[in-house]
Amino acid sequence: MPPAQTEPRRTFLTRTHAATGVKRIGAPTRRARLLAGVAFTVTMAAAGSALAQDVREEDKTDRVTTSQTQAADGSTTLEAITVEARRYAENPLDVPVSVSVVTDQKLTNERINDVQDLSDRVVGLQIPNYGDDPRTAQPIVRGVGTLSTLLSPDNSTAPTIIDGVPMPAFAASGQMLDVGQIDVLRGPQGTLFGRNSTGGAINITSMVPDAETIRQITAEVGTEGYRKGEFILGGAINEELFGRFAVRYQGRGAYVKNDHPGEKDIGGFDVGAIKSTLLWTPGDTTEVKLTLGYEKYDGDTGYPYLLRDSHAYQETPEFRRDLGYVTLNTSHDFETFALKTTTGFTYYDIYNWTDNSDGYINSATFGAFGMVIPPEFYTNDGEFNVTDQRESQFYQEVRLQSLDDSETKWVVGGVFSYNDFHEDAFGTSTMSASINGTRDVNLTSTSSAIFFDVAQPFAERFEIGGGLRYTHERKKIDALYTGTGFPGTVASFAQDSARNFDMFSGRVSLSYKLNDENLIYGSVSRGNKAGGFPRFTGNAAIGLPEEGYDATSIWTYEVGWKGDLIDSGTSFAVAGFYNDVTDEAIFGFDPATMTFPIENFDLKTYGVEAEVRKEFDNGFGIFAGVTLTHSEITGIPAGGVLQAKVGNEVPNVPLWSANLGLTYQGEADFLNMSGDPMLTGYLGYRFVGKRAGDTGNNFDLDAQHIVDARVGLKIDQTEFYVFGENLIGDRLEQQGAHMTANINSVLVSRGRTIGLGITTRF
């Protein structure tokens, strides 16, 4: 029988539990709350619509930016794209960095709704998650990433950056609402994009408002409870001020069958998002861009580990997240340089209730030792964990840099950020002492940095570049544990500790233009990630402090070749890389002691990646990408308890992964319809090879085969389309845990969804 429990101090964390009587708050008004937010936004958008009607025609002509894919002579050319991988706009061909660009058109045609969807479209990128829990969708780039659940909310390796502001890790996976472009940068980006970017960075730029009036509505409905609605409004408010407003609702049904009596299936969620962007141009040399976003997620999701090839047998989890952010970017060109500032504030509040025991997993695990315990024994067993997490972040960056027409490109700047994270948690378990009790944990992080980067052309076609960044971070923990009287635990334990980290990161690159359309380059980069303290204070239950984990460092060596064959509509990029990672901190579970130790591993990954894109004159386009990544654990801690040995594969890193896609856009004259009908199409395939499920290499996660499609008919300003996601239909294994012998548990993602959609402008 579970031990007697105390009521958590924060009663809004809990819900009525069938076995314990603890209050459990449900979500009967989930959709009502989301629709209220939608109604508010539509009202705001309607007000903006009236202002947008008075746009002068000459303003439209001046500010609308267009891109063509077909020249006057009928030959196909690629769209003009710029990236800011070095913090100023330039052609991707000129950048000695491996970068994949996802345009707004690609986001629409391939139905990329959130950050996690990027992993099916971008070479060398994986974003596995823990059962549709948006906190846990953490990127792995070229085999460098979070190898387990996050130690703390700033322990990521490839941050999501929205309009120049890096998001906290628990706020990094959100809706791709009114996004103009995404640049996925591979390799350490610490020199220009700051801390925790040892693997890379996902740089998201919101749609920039302009004078073109847009009013657009999208609606989708599909199988498995899928539904989506979206409204976008944009245009000129006056001659200097432009705005965009967007609102979205999306919902999905459950996809994990749950055999626990009286409990719902797992995986359903509703999410609502609103976003507003304003652009003020008081003069030819000054711009101010303000973006405000809010998102509300409410679902039966979060950490539903399953016995492999089985249903769930657990009480349905609950997950809720309120997320808001503000970004402010200013730019002013002086006579010889530009001044740019980026200011950001982010806040989220997360509630999560999870069952600590799945009946099928526990029954199989104990059965491996000859103990026959039926799954029904774990029905309403009183073992659960409930958490409330809140974090606020302030971010400020100031930089001076060269003007766009300067021959020598340079950037120099400084950054200050402050993160304040609180977690209140209460857990019960009959097997693990460390889970029992109430934990109040406050983690703060104060970071200051200065940096510079320069790129100097020489000898006509050469360029040498480099940069350096110094960062000082102070991590602090203030934690209180209160026990439940479980055998072996203390009544209470408090900790108040701090650690300081001083880090240097930098890069050196050399590139050569074979001609105006071909670039070869080589680079060496150094990245860092500060250490800190874990958010789960497992040692407190036995009266010991958390010593924390050390800083992680990485050296990356890269050579590459990029090319554009403009007249033929073809572009390509190929790169070879080698990553040497020291002291990557891993949070694991030790079944022998039933504790959660933190251990530092050394790793290396190396390989090659290639991508090519071809646009044909007949409206078809094709793109393909492939990544070969060899990963290896090269060092383990002395006296470590997590299963691992030197030479093991790094968990969740496939040897092979690949993307293949076919697109089409062309006239549909054969339909004999008015309104200039156009056919559009997309067919995409993603392969992720089998990969190690844990550091001990006790089992492999299955390979993934994912097929997505979209076919549309556009008539005037309205498009009707059908779509399919994961058409093969398999539930995909995202994460894994080795229990014992041949007993393994996994987290899976949803199967097939087929639906209909309509988008119209008016």
# chains A, B, ... in the order shown; residues from 1 in each chain; ligands from 1

call {"tool": "residues_around", "arguments": {"residues": "region 355-360 of chain A", "least_positions_apart": "2", "cutoff": "7 Å", "atoms": "only C-alpha atoms", "output": "list of chain:residue names"}}
result
A:Leu307, A:Ala312, A:Tyr313, A:Gln314, A:Glu315, A:Pro317, A:Asn362, A:Ser363, A:Ala364, A:Pro375, A:Glu376, A:Tyr378, A:Glu383, A:Phe384, A:Asn385

call {"tool": "residues_around", "arguments": {"residues": "Leu514 (chain A)", "least_positions_apart": "2", "cutoff": "10 Å", "atoms": "only C-alpha atoms", "output": "PyMOL selection string"}}
result
chain A and resi 461-462+511-512+516-520+561+563

call {"tool": "write_last_selection", "arguments": {"atoms": "N, CA, C and O atoms", "output": "mmCIF file, in the first residue's frame"}}
result
data_model
loop_
_atom_site.group_PDB
_atom_site.id
_atom_site.type_symbol
_atom_site.label_atom_id
_atom_site.label_comp_id
_atom_site.auth_asym_id
_atom_site.auth_seq_id
_atom_site.Cartn_x
_atom_site.Cartn_y
_atom_site.Cartn_z
ATOM 1 N N ARG A 461 38.524 36.510 -54.449
ATOM 2 C CA ARG A 461 37.464 35.530 -54.205
ATOM 3 C C ARG A 461 37.561 34.850 -52.837
ATOM 4 O O ARG A 461 36.734 34.004 -52.515
ATOM 5 N N PHE A 462 38.525 35.206 -52.033
ATOM 6 C CA PHE A 462 38.662 34.621 -50.699
ATOM 7 C C PHE A 462 37.946 35.477 -49.656
ATOM 8 O O PHE A 462 37.759 36.680 -49.836
ATOM 9 N N SER A 511 36.824 30.842 -46.701
ATOM 10 C CA SER A 511 35.990 30.433 -47.834
ATOM 11 C C SER A 511 36.575 30.954 -49.136
ATOM 12 O O SER A 511 37.330 31.942 -49.162
ATOM 13 N N TYR A 512 36.207 30.284 -50.222
ATOM 14 C CA TYR A 512 36.689 30.649 -51.549
ATOM 15 C C TYR A 512 35.560 30.465 -52.548
ATOM 16 O O TYR A 512 34.909 29.411 -52.583
ATOM 17 N N ASP A 516 30.799 33.009 -59.142
ATOM 18 C CA ASP A 516 29.741 33.718 -58.429
ATOM 19 C C ASP A 516 28.660 32.793 -57.879
ATOM 20 O O ASP A 516 27.857 33.205 -57.041
ATOM 21 N N GLU A 517 28.636 31.549 -58.348
ATOM 22 C CA GLU A 517 27.574 30.639 -57.930
ATOM 23 C C GLU A 517 28.072 29.456 -57.110
ATOM 24 O O GLU A 517 27.277 28.570 -56.772
ATOM 25 N N ASN A 518 29.354 29.391 -56.775
ATOM 26 C CA ASN A 518 29.885 28.247 -56.042
ATOM 27 C C ASN A 518 30.838 28.716 -54.944
ATOM 28 O O ASN A 518 31.750 29.514 -55.206
ATOM 29 N N LEU A 519 30.619 28.190 -53.725
ATOM 30 C CA LEU A 519 31.428 28.539 -52.571
ATOM 31 C C LEU A 519 31.925 27.264 -51.901
ATOM 32 O O LEU A 519 31.153 26.341 -51.654
ATOM 33 N N ILE A 520 33.232 27.217 -51.614
ATOM 34 C CA ILE A 520 33.762 26.157 -50.771
ATOM 35 C C ILE A 520 34.301 26.817 -49.503
ATOM 36 O O ILE A 520 34.786 27.955 -49.535
ATOM 37 N N TRP A 561 30.634 22.706 -49.436
ATOM 38 C CA TRP A 561 30.540 23.254 -50.790
ATOM 39 C C TRP A 561 29.075 23.565 -51.056
ATOM 40 O O TRP A 561 28.189 22.723 -50.873
ATOM 41 N N GLY A 563 26.362 25.554 -53.967
ATOM 42 C CA GLY A 563 26.290 26.041 -55.327
ATOM 43 C C GLY A 563 24.888 26.343 -55.777
ATOM 44 O O GLY A 563 23.917 25.721 -55.315
#

call {"tool": "closest_atom_pairs", "arguments": {"of": "region 222-275 of chain A", "to": "region 714-729 of chain A", "cutoff": "12 Å", "atoms": "only C-alpha atoms", "output": "tab-separated table"}}
result
residue	atom	partner	partner_atom	distance
A:Gly222	CA	A:Phe723	CA	8.7
A:Thr223	CA	A:Gly724	CA	9.6
A:Glu224	CA	A:Glu725	CA	11.2
A:Tyr226	CA	A:Glu725	CA	11.0
A:Tyr255	CA	A:Gly729	CA	11.4

call {"tool": "closest_atom_pairs", "arguments": {"of": "region 211-314 of chain A", "to": "region 117-139 of chain A", "cutoff": "9 Å", "atoms": "only C-alpha atoms", "output": "tab-separated table"}}
result
residue	atom	partner	partner_atom	distance
A:Ile266	CA	A:Gly131	CA	8.9
A:Gly267	CA	A:Asp132	CA	6.9
A:Gly268	CA	A:Asp132	CA	9.0
A:Phe269	CA	A:Asp132	CA	8.8
A:Tyr297	CA	A:Pro134	CA	8.9
A:Gly299	CA	A:Asp132	CA	8.8
A:Thr301	CA	A:Asp132	CA	5.9
A:Gly302	CA	A:Asp133	CA	4.6
A:Tyr303	CA	A:Tyr130	CA	5.2
A:Pro304	CA	A:Gly131	CA	5.9
A:Tyr305	CA	A:Gly131	CA	7.9

call {"tool": "residues_around", "arguments": {"residues": "region 576-585 of chain A", "least_positions_apart": "4", "cutoff": "8 Å", "atoms": "only C-alpha atoms", "output": "list in words"}}
result
Val144, Tyr549, Asp550, Ala551, Thr552, Ser553, Ile554, Trp555, Thr556, Tyr557, Glu558, Val559, Gly560, Ile598, Glu599, Asn600, Phe601, Asp602, Leu603, Lys604, Thr605, Tyr606, Gly607, Val608 and Glu609 of chain A

call {"tool": "write_last_selection", "arguments": {"atoms": "N, CA, C and O atoms", "output": "CSV table (one decimal), in the first residue's frame"}}
result
chain,number,residue,atom,x,y,z
A,144,VAL,N,24.2,16.0,-31.9
A,144,VAL,CA,24.5,16.8,-30.7
A,144,VAL,C,23.2,17.3,-30.2
A,144,VAL,O,22.5,18.0,-30.9
A,549,TYR,N,25.9,20.1,-12.1
A,549,TYR,CA,26.6,19.4,-13.3
A,549,TYR,C,27.6,20.5,-13.9
A,549,TYR,O,27.4,21.7,-13.8
A,550,ASP,N,28.6,19.9,-14.5
A,550,ASP,CA,29.7,20.8,-15.1
A,550,ASP,C,29.3,21.4,-16.4
A,550,ASP,O,28.3,20.9,-17.1
A,551,ALA,N,30.0,22.4,-16.9
A,551,ALA,CA,29.8,23.0,-18.2
A,551,ALA,C,30.2,22.0,-19.3
A,551,ALA,O,31.0,21.1,-19.1
A,552,THR,N,29.5,22.1,-20.4
A,552,THR,CA,29.7,21.3,-21.6
A,552,THR,C,30.5,22.1,-22.6
A,552,THR,O,30.1,23.3,-22.8
A,553,SER,N,31.4,21.5,-23.3
A,553,SER,CA,32.1,22.2,-24.4
A,553,SER,C,32.2,21.3,-25.6
A,553,SER,O,32.0,20.1,-25.6
A,554,ILE,N,32.3,22.0,-26.8
A,554,ILE,CA,32.4,21.3,-28.1
A,554,ILE,C,33.3,22.0,-29.0
A,554,ILE,O,33.4,23.2,-29.1
A,555,TRP,N,34.1,21.2,-29.7
A,555,TRP,CA,34.9,21.6,-30.9
A,555,TRP,C,34.3,21.0,-32.1
A,555,TRP,O,34.0,19.8,-32.2
A,556,THR,N,34.0,21.8,-33.1
A,556,THR,CA,33.4,21.4,-34.4
A,556,THR,C,34.3,21.8,-35.5
A,556,THR,O,34.7,23.0,-35.6
A,557,TYR,N,34.5,20.8,-36.4
A,557,TYR,CA,35.3,21.1,-37.6
A,557,TYR,C,34.4,20.7,-38.8
A,557,TYR,O,33.8,19.7,-38.9
A,558,GLU,N,34.4,21.7,-39.8
A,558,GLU,CA,33.5,21.5,-40.9
A,558,GLU,C,34.1,22.0,-42.2
A,558,GLU,O,34.8,23.0,-42.3
A,559,VAL,N,33.8,21.3,-43.3
A,559,VAL,CA,34.2,21.7,-44.6
A,559,VAL,C,32.9,21.5,-45.5
A,559,VAL,O,32.1,20.6,-45.3
A,560,GLY,N,32.7,22.4,-46.5
A,560,GLY,CA,31.5,22.4,-47.2
A,560,GLY,C,31.6,23.0,-48.6
A,560,GLY,O,32.6,23.7,-48.9
A,598,ILE,N,23.1,12.3,-12.1
A,598,ILE,CA,23.5,13.1,-13.2
A,598,ILE,C,25.0,12.7,-13.4
A,598,ILE,O,25.8,12.8,-12.5
A,599,GLU,N,25.3,12.4,-14.7
A,599,GLU,CA,26.6,12.0,-15.0
A,599,GLU,C,27.1,12.7,-16.3
A,599,GLU,O,26.2,13.0,-17.2
A,600,ASN,N,28.4,12.9,-16.4
A,600,ASN,CA,28.9,13.6,-17.6
A,600,ASN,C,29.6,12.6,-18.5
A,600,ASN,O,30.5,11.9,-18.1
A,601,PHE,N,29.2,12.7,-19.8
A,601,PHE,CA,29.8,11.8,-20.8
A,601,PHE,C,30.5,12.6,-21.8
A,601,PHE,O,30.1,13.8,-22.1
A,602,ASP,N,31.6,12.1,-22.4
A,602,ASP,CA,32.3,12.6,-23.6
A,602,ASP,C,31.7,11.9,-24.8
A,602,ASP,O,31.5,10.7,-24.8
A,603,LEU,N,31.5,12.7,-25.9
A,603,LEU,CA,30.9,12.1,-27.1
A,603,LEU,C,31.7,12.6,-28.3
A,603,LEU,O,32.3,13.7,-28.3
A,604,LYS,N,31.5,11.9,-29.4
A,604,LYS,CA,31.9,12.4,-30.7
A,604,LYS,C,30.9,12.0,-31.8
A,604,LYS,O,30.4,10.9,-31.7
A,605,THR,N,30.7,12.9,-32.7
A,605,THR,CA,29.9,12.5,-33.9
A,605,THR,C,30.6,13.1,-35.1
A,605,THR,O,31.2,14.2,-35.0
A,606,TYR,N,30.5,12.4,-36.2
A,606,TYR,CA,31.1,12.9,-37.4
A,606,TYR,C,30.3,12.2,-38.6
A,606,TYR,O,29.7,11.2,-38.5
A,607,GLY,N,30.4,12.9,-39.7
A,607,GLY,CA,29.6,12.4,-40.9
A,607,GLY,C,29.6,13.4,-42.0
A,607,GLY,O,30.4,14.4,-42.1
A,608,VAL,N,28.6,13.3,-42.9
A,608,VAL,CA,28.4,14.1,-44.0
A,608,VAL,C,26.9,14.3,-44.3
A,608,VAL,O,26.1,13.4,-44.0
A,609,GLU,N,26.6,15.5,-44.8
A,609,GLU,CA,25.2,15.8,-45.1
A,609,GLU,C,25.1,16.4,-46.5
A,609,GLU,O,26.1,17.1,-46.9

call {"tool": "residues_around", "arguments": {"residues": "Val612 (chain A)", "least_positions_apart": "2", "cutoff": "6 Å", "atoms": "only C-alpha atoms", "output": "PyMOL selection string"}}
result
chain A and resi 571-572+623-624

call {"tool": "atom_distance", "arguments": {"atom1": "CA of Ala541 (chain A)", "atom2": "CA of Thr489 (chain A)"}}
result
5.1 Å

call {"tool": "residues_around", "arguments": {"residues": "Ala368 (chain A)", "least_positions_apart": "5", "cutoff": "8 Å", "atoms": "only C-alpha atoms", "output": "ChimeraX atom specification"}}
result
/A:740-741,743

call {"tool": "write_last_selection", "arguments": {"atoms": "N, CA and C atoms", "output": "PDB file, in the first residue's frame"}}
result
ATOM      1  N   THR A 740      14.630  -3.775 -17.773  1.00  0.00           N
ATOM      2  CA  THR A 740      15.447  -4.907 -17.345  1.00  0.00           C
ATOM      3  C   THR A 740      15.366  -5.990 -18.412  1.00  0.00           C
ATOM      4  N   ALA A 741      16.367  -6.867 -18.443  1.00  0.00           N
ATOM      5  CA  ALA A 741      16.372  -7.994 -19.384  1.00  0.00           C
ATOM      6  C   ALA A 741      15.933  -7.511 -20.768  1.00  0.00           C
ATOM      7  N   ILE A 743      12.913  -6.169 -21.377  1.00  0.00           N
ATOM      8  CA  ILE A 743      11.752  -5.311 -21.146  1.00  0.00           C
ATOM      9  C   ILE A 743      12.162  -3.861 -21.386  1.00  0.00           C
TER      10      ILE A 743
END

call {"tool": "residues_around", "arguments": {"residues": "Thr285 (chain A)", "least_positions_apart": "5", "cutoff": "12 Å", "atoms": "only C-alpha atoms", "output": "JSON list (two decimals) with N, CA, C and O atoms, in the first residue's frame"}}
result
[["chain", "number", "residue", "atom", "x", "y", "z"],
["A", 280, "TRP", "N", 7.18, 49.94, -37.48],
["A", 280, "TRP", "CA", 7.16, 51.40, -37.57],
["A", 280, "TRP", "C", 8.41, 51.87, -38.29],
["A", 280, "TRP", "O", 9.53, 51.49, -37.91],
["A", 330, "THR", "N", 14.94, 47.16, -32.76],
["A", 330, "THR", "CA", 15.11, 48.49, -33.32],
["A", 330, "THR", "C", 16.39, 48.51, -34.16],
["A", 330, "THR", "O", 17.35, 47.80, -33.87],
["A", 331, "SER", "N", 16.36, 49.32, -35.20],
["A", 331, "SER", "CA", 17.52, 49.43, -36.09],
["A", 331, "SER", "C", 17.62, 50.86, -36.59],
["A", 331, "SER", "O", 16.62, 51.46, -37.01],
["A", 332, "HIS", "N", 18.82, 51.41, -36.53],
["A", 332, "HIS", "CA", 19.06, 52.75, -37.07],
["A", 332, "HIS", "C", 20.42, 52.77, -37.76],
["A", 332, "HIS", "O", 21.43, 52.38, -37.18],
["A", 333, "ASP", "N", 20.43, 53.21, -39.01],
["A", 333, "ASP", "CA", 21.66, 53.32, -39.77],
["A", 333, "ASP", "C", 22.26, 54.72, -39.60],
["A", 333, "ASP", "O", 21.61, 55.73, -39.94],
["A", 334, "PHE", "N", 23.48, 54.74, -39.07],
["A", 334, "PHE", "CA", 24.24, 55.98, -39.06],
["A", 334, "PHE", "C", 25.06, 56.06, -40.35],
["A", 334, "PHE", "O", 24.92, 55.22, -41.24],
["A", 335, "GLU", "N", 25.92, 57.04, -40.44],
["A", 335, "GLU", "CA", 26.64, 57.24, -41.69],
["A", 335, "GLU", "C", 27.61, 56.11, -42.00],
["A", 335, "GLU", "O", 27.78, 55.72, -43.15],
["A", 337, "PHE", "N", 27.90, 53.10, -39.73],
["A", 337, "PHE", "CA", 27.57, 51.86, -39.04],
["A", 337, "PHE", "C", 26.09, 51.86, -38.68],
["A", 337, "PHE", "O", 25.40, 52.88, -38.81],
["A", 338, "ALA", "N", 25.63, 50.70, -38.21],
["A", 338, "ALA", "CA", 24.23, 50.55, -37.80],
["A", 338, "ALA", "C", 24.18, 50.17, -36.33],
["A", 338, "ALA", "O", 25.03, 49.43, -35.82],
["A", 339, "LEU", "N", 23.18, 50.69, -35.64],
["A", 339, "LEU", "CA", 22.90, 50.34, -34.24],
["A", 339, "LEU", "C", 21.63, 49.50, -34.21],
["A", 339, "LEU", "O", 20.59, 49.91, -34.73],
["A", 340, "LYS", "N", 21.72, 48.31, -33.61],
["A", 340, "LYS", "CA", 20.57, 47.42, -33.52],
["A", 340, "LYS", "C", 20.41, 46.95, -32.08],
["A", 340, "LYS", "O", 21.40, 46.65, -31.40],
["A", 403, "LEU", "N", 27.35, 48.49, -42.25],
["A", 403, "LEU", "CA", 26.20, 48.71, -43.12],
["A", 403, "LEU", "C", 26.15, 47.63, -44.20],
["A", 403, "LEU", "O", 27.13, 46.94, -44.47],
["A", 404, "ASP", "N", 24.98, 47.51, -44.82],
["A", 404, "ASP", "CA", 24.77, 46.43, -45.79],
["A", 404, "ASP", "C", 25.74, 46.49, -46.96],
["A", 404, "ASP", "O", 26.11, 45.45, -47.52]]

call {"tool": "closest_residue", "arguments": {"among": "A:Asp669, A:Asp183, A:Glu391, A:Asp708", "to": "Asp154 (chain A)", "atoms": "only C-alpha atoms"}}
result
A:Glu391

call {"tool": "residues_around", "arguments": {"residues": "Thr663 (chain A)", "least_positions_apart": "2", "cutoff": "9 Å", "atoms": "only C-alpha atoms", "output": "mmCIF file with N, CA, C and O atoms, in the first residue's frame"}}
result
data_model
loop_
_atom_site.group_PDB
_atom_site.id
_atom_site.type_symbol
_atom_site.label_atom_id
_atom_site.label_comp_id
_atom_site.auth_asym_id
_atom_site.auth_seq_id
_atom_site.Cartn_x
_atom_site.Cartn_y
_atom_site.Cartn_z
ATOM 1 N N ASN A 109 2.788 25.120 -47.801
ATOM 2 C CA ASN A 109 2.592 23.982 -48.697
ATOM 3 C C ASN A 109 2.847 22.649 -48.011
ATOM 4 O O ASN A 109 2.221 21.635 -48.351
ATOM 5 N N GLU A 615 14.117 23.113 -59.476
ATOM 6 C CA GLU A 615 12.839 23.599 -59.979
ATOM 7 C C GLU A 615 12.812 23.403 -61.496
ATOM 8 O O GLU A 615 13.720 23.851 -62.203
ATOM 9 N N GLY A 619 6.675 23.315 -63.798
ATOM 10 C CA GLY A 619 5.962 23.509 -62.541
ATOM 11 C C GLY A 619 6.338 22.535 -61.449
ATOM 12 O O GLY A 619 5.958 22.725 -60.285
ATOM 13 N N PHE A 620 7.051 21.479 -61.797
ATOM 14 C CA PHE A 620 7.466 20.512 -60.791
ATOM 15 C C PHE A 620 8.752 20.975 -60.098
ATOM 16 O O PHE A 620 9.558 21.716 -60.664
ATOM 17 N N GLY A 621 8.921 20.518 -58.895
ATOM 18 C CA GLY A 621 10.144 20.753 -58.150
ATOM 19 C C GLY A 621 10.472 19.522 -57.330
ATOM 20 O O GLY A 621 9.578 18.741 -56.957
ATOM 21 N N ILE A 622 11.740 19.322 -57.068
ATOM 22 C CA ILE A 622 12.152 18.164 -56.275
ATOM 23 C C ILE A 622 13.248 18.614 -55.315
ATOM 24 O O ILE A 622 14.063 19.483 -55.639
ATOM 25 N N PHE A 623 13.224 18.075 -54.126
ATOM 26 C CA PHE A 623 14.298 18.325 -53.182
ATOM 27 C C PHE A 623 14.637 17.025 -52.469
ATOM 28 O O PHE A 623 13.779 16.151 -52.280
ATOM 29 N N GLY A 661 11.340 14.984 -51.431
ATOM 30 C CA GLY A 661 10.073 15.659 -51.649
ATOM 31 C C GLY A 661 9.845 16.029 -53.096
ATOM 32 O O GLY A 661 10.789 16.267 -53.859
ATOM 33 N N GLN A 665 3.300 23.129 -58.986
ATOM 34 C CA GLN A 665 2.395 24.271 -59.090
ATOM 35 C C GLN A 665 2.241 24.610 -60.555
ATOM 36 O O GLN A 665 3.229 24.881 -61.247
ATOM 37 N N THR A 680 -1.821 22.661 -57.045
ATOM 38 C CA THR A 680 -0.619 22.617 -56.215
ATOM 39 C C THR A 680 -0.507 21.231 -55.597
ATOM 40 O O THR A 680 -1.514 20.571 -55.327
ATOM 41 N N GLY A 681 0.717 20.800 -55.369
ATOM 42 C CA GLY A 681 0.897 19.480 -54.784
ATOM 43 C C GLY A 681 2.202 19.366 -54.028
ATOM 44 O O GLY A 681 3.190 20.055 -54.335
ATOM 45 N N TYR A 682 2.207 18.517 -53.025
ATOM 46 C CA TYR A 682 3.408 18.217 -52.250
ATOM 47 C C TYR A 682 3.352 16.764 -51.804
ATOM 48 O O TYR A 682 2.319 16.285 -51.319
ATOM 49 N N LEU A 683 4.450 16.054 -51.996
ATOM 50 C CA LEU A 683 4.589 14.685 -51.514
ATOM 51 C C LEU A 683 5.968 14.561 -50.881
ATOM 52 O O LEU A 683 6.982 14.819 -51.538
ATOM 53 N N GLY A 684 6.013 14.219 -49.598
ATOM 54 C CA GLY A 684 7.277 14.170 -48.888
ATOM 55 C C GLY A 684 7.490 12.849 -48.181
ATOM 56 O O GLY A 684 6.540 12.226 -47.689
#

call {"tool": "select_by_dssp", "arguments": {"residues": "region 394-525 of chain A", "states": "strand (DSSP E or B)", "output": "ChimeraX atom specification"}}
result
/A:394-401,409-427,437-458,462-482,492-515,518-525

call {"tool": "select_by_dssp", "arguments": {"residues": "region 450-679 of chain A", "states": "helix (DSSP H, G or I)", "output": "ChimeraX atom specification"}}
result
/A:538-542,566-568,669-671

call {"tool": "closest_atom_pairs", "arguments": {"of": "region 561-658 of chain A", "to": "region 685-691 of chain A", "cutoff": "8 Å", "atoms": "only C-alpha atoms", "output": "tab-separated table"}}
result
residue	atom	partner	partner_atom	distance
A:Pro651	CA	A:Arg691	CA	6.6
A:Asn652	CA	A:Arg691	CA	5.2
A:Val653	CA	A:Arg691	CA	5.5
A:Pro654	CA	A:Arg691	CA	4.7
A:Leu655	CA	A:Gly689	CA	6.4
A:Trp656	CA	A:Gly689	CA	5.3
A:Ser657	CA	A:Val688	CA	4.5
A:Ala658	CA	A:Phe687	CA	5.1

call {"tool": "closest_atom_pairs", "arguments": {"of": "region 490-594 of chain A", "to": "region 419-428 of chain A", "cutoff": "12 Å", "atoms": "only C-alpha atoms", "output": "CSV"}}
result
residue,atom,partner,partner_atom,distance
A:Phe533,CA,A:Phe421,CA,11.7
A:Pro534,CA,A:Glu423,CA,11.1
A:Arg535,CA,A:Glu423,CA,7.4
A:Phe536,CA,A:Glu423,CA,8.8
A:Thr537,CA,A:Ala425,CA,10.4
A:Gly538,CA,A:Gly427,CA,11.4
A:Ala541,CA,A:Gly427,CA,11.4

call {"tool": "atom_distance", "arguments": {"atom1": "CA of Glu220 (chain A)", "atom2": "CA of Arg111 (chain A)"}}
result
11.0 Å

call {"tool": "decode", "arguments": {"residues": "region 627-637 of chain A", "atoms": "N, CA and C atoms", "output": "compact mmCIF listing (two decimals), in the first residue's frame"}}
result
# COMPACT_ATOMS: atom_id res chain seq x y z
N THR A 627 21.73 12.50 -44.55
CA THR A 627 22.74 12.70 -43.51
C THR A 627 23.27 11.36 -43.04
N LEU A 628 24.57 11.23 -43.01
CA LEU A 628 25.25 10.08 -42.43
C LEU A 628 25.96 10.56 -41.17
N THR A 629 25.59 10.02 -40.02
CA THR A 629 26.15 10.46 -38.75
C THR A 629 26.62 9.25 -37.95
N HIS A 630 27.91 9.20 -37.70
CA HIS A 630 28.46 8.19 -36.80
C HIS A 630 28.59 8.82 -35.42
N SER A 631 28.04 8.18 -34.42
CA SER A 631 28.09 8.72 -33.06
C SER A 631 28.71 7.70 -32.12
N GLU A 632 29.40 8.20 -31.10
CA GLU A 632 30.12 7.30 -30.21
C GLU A 632 30.33 7.97 -28.85
N ILE A 633 30.13 7.21 -27.78
CA ILE A 633 30.49 7.66 -26.44
C ILE A 633 31.99 7.42 -26.27
N THR A 634 32.74 8.49 -25.99
CA THR A 634 34.20 8.38 -25.91
C THR A 634 34.73 8.47 -24.48
N GLY A 635 33.88 8.82 -23.54
CA GLY A 635 34.32 8.92 -22.15
C GLY A 635 33.16 8.79 -21.20
N ILE A 636 33.33 8.02 -20.12
CA ILE A 636 32.29 7.85 -19.11
C ILE A 636 32.87 8.22 -17.76
N PRO A 637 32.02 8.65 -16.82
CA PRO A 637 32.52 9.08 -15.52
C PRO A 637 33.03 7.91 -14.70
